[in-house]
Structures are given as C-alpha cells and as structure tokens.
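Trainee: Okay, here's the structure, questions in a sec.
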Amino acid sequence: MFTEKALEVIEKAISGQGILASSEKKDNYARVWSRDSMMTGITGILIKNQTIVDGLEKSIKTLADFQAENGQIPSNVYGDKASYGTLVGRTDATIWWIIGACEYIVFSKNEGLKETLKEKIYNAFSCLKTWEFNQRGLLYSPLGGNWADEYVTSGYVLYDNVLRYWALEKASEVYEDEKLKSLAQETKKLIENNFKKNSSDVAKYHETAYKKAEEKPYFWASLNANGYDERFDLAGNALAILLGFDLNLEGFSSFLEKLSVEFNHWMLPVFYPIIFPKDADWNLLENNYSYDFKNQPYQFHNGGSWPIYLGWLCLGLKKRGYEEIPLKILNQYEQLLSEKGSSFREYYSTDQLIPSGTDQLCFSASGYLLMKVLP
C-alpha cells in the first residue's frame, strides 16, 4: 500500500524540467533540486521504475544547462532561474549531480549523453578540486554548505567527502579513467584514516585534534581547524556503509540499538547529540535560517528523523549483511505512516514522533522505497 503511495508522490512531482523536491508549492520546494532529484532518480534506478528514471534524465539535463563558469552545478533550478545557494553555496549539489549523471549513464547505456556530459562532469570535478583549498585531498564545506544547510557542521565534512568518493568511483567506471579511480581510492583512505580512530601510522590532517578526539563507533561528523565535531552524522555514516567503507559494523549496530533505547523508537536522529539552548553550538544554529527557525531541539536538522537517510542506512546495512535493524526501521516507519498520515512529510520530531516539514516530499517517499529495496 505505502509503495504505491510513495510512487504516486514522486510521479506527481515530475515536471517538464525534471523531478521537483515536492509537488507542494511551499517555500522553494517546487523546484528541481540537485540533491533531491538525484537521490530520487537513483532510487528509481534501484527499483527499475522507468517514469522516475525518465524524470532523472530531465533533471540531469536541466541542472547541466545552468552549470556555472567554474563548473559548479546549481543547488536548484526553477524555470529559467538557478540558485547556487543563498547564504553560502551548496557543496553537495555538484557532487550529487555527478553521481546521478553517472548512475543514469550506466543504467541507461546512453552513449550519446555520456559523451555530451563528459566535459561538464570533468569541469564539475575541477570545481570540487578547488574546494579543497589546501590541495591535500579532502573537500572543505562552509557552514550551511550542504543538505543540512541550517545546521552547525562545516570544514572537512564526512558526508560531502564520502559523496565525492562515490562520484569519483562511478565516473572512473563510466569513463574508464584510471586517474579518477586512483583519486577515489585515495579519498576513501583519507576518510578512513581521518574520521575515526585507527592503528594506521599514516599522517593525519590535523594531528593535534586527532589525538584529542574520542573514539566512537562511527565516523566523526566533521573536522575543522579548531578540531573535530564528534557528533553522529547519520547521513554520512549511512552512505559510508553503503559504499563499503571500513567500519566495525558490530559496534555500529550496538550504537544504533542504544540510540533506539534512548529515544524509545527506531526513527533515529539525523544528528546526535541534540543541541540545546544552553549548549555552546546553539549560537551557530539560532541565526542560520532563510524562512523561519526550524532547529528547535529534536526538530529538523537538530535531531529530527529524516526517512531519506534512514532509507540509505537500511540499504547500506542490508548490503553488508545486517538485516535486523533495517527491518525494525521499516516497521517503525510503516507504523507511523499508518497512525499519523501517509503523506510523506519531510521529517519526524524525535521526542514525540510528530510528522513535520513539507508534505508530499520526494525525499521521504524515496526513503521508504530505499527501505524496501533488496541489496
């Protein structure tokens, strides 16, 4: 039942320009967003839904048409206008576009589009290279520079760098490019050596901060000049697991079990711990918004639960042979869809499990479909 409703939400949001974030005319959601359309489109590939895949092709072309001179892909496009970010640019928009384009080319075997997009894809990689700033291999994102655009992570962010690995790995496959493949492997090693404690004697990005950082059962959220943000970033870790990064999954699973006990449900928070007004990072939250302040404790990025990233987590764990937790998450989400409305809202508050944010969201519909996908 929910599969059909999820597909209906997505198909309703497919326009002449591509896949909109939502068919709802709220804020700026009725636009072709790079990250939303690419994630939704990749979900369409995984479930082999041709309507969604066709929407992905439109989205790829629309975003490519507005590629900036420096190779940057817009955060979103609406009609003949493109936005590259308001307060700051969106690092992940360019990366998701590369991933979506390459996944589509592999799936569709569209040789014409492969050649048409080659220069644009390589220009996008060139843009990402300049965002290292220090030429040491990790991408640097400003505060508010990715999907969690009203949150506190910045610097060498796990999520953005894992995505860059995916982009390099997939593009190296599409274009049979050994240099890109080598860069992908170097990126993976950099992440594994700098975002968790290990016994490797490889030099660290920030030796002083690395020595002070606490060992965690997950990859740390980000690294900056002033040290590590040791928070749990569910999105970054979910994608790292999906892409085969070296992480002790027994320890990681135990951590997720403890989280579920603490919150008393399986709609896990997208960032943890929660930031409260008494905390030092609150001042980074309270002014960082465009329309209205959404990041109260347990809400939105500040501990809200996002089905899209739970979907990637479920897919990643299943791919690595861990079936139990994905099933618990799926059952929890289906229960909420039954009890509190199946309109695929943006996120759930993790204190009271109230569906919140934009309605009819392709993100959430895709998250549900990803939970159902067999690896």
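Ordering of the structure tokens sets the chain letters (A, B, ...), residue numbers begin anew at 1 in every chain, and ligands are numbered from 1 in the order given.
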Considering only C-alpha atoms, return as an NGL selection string whatever protein or nucleic-acid residues lie within 7 Å of segment 43-54 of chain A, sequence-local ones (same chain, fewer than 4 positions apart) excluded.

Mentor: :A and (11 or 39 or 58 or 366 or 370 or 373)

Trainee: From the DSSP assignment of the backbone, select every residue of segment 96-288 of chain A that is strand (DSSP E or B), and format the answer as a count of residues only.

Mentor: 18

Trainee: Looking at only C-alpha atoms, which of A:Leu247, A:Val9, A:Leu190, A:Val270 is the one that sits closest to Lys216 of chain A?

Mentor: A:Leu247

Trainee: Skip segment 107-122 of chain A itself and residues of its chain fewer than 3 positions away, then list as a ChimeraX atom specification all residues within 8 Å of it, counting only C-alpha atoms.

Mentor: /A:45,64,67,71,98,103-104,125-126,174

Trainee: For a test of reading the model, state the distance in Å between atom CA of Phe293 of chain A and atom CA of Ala93 of chain A, rounded to one decimal.

Mentor: 22.7 Å
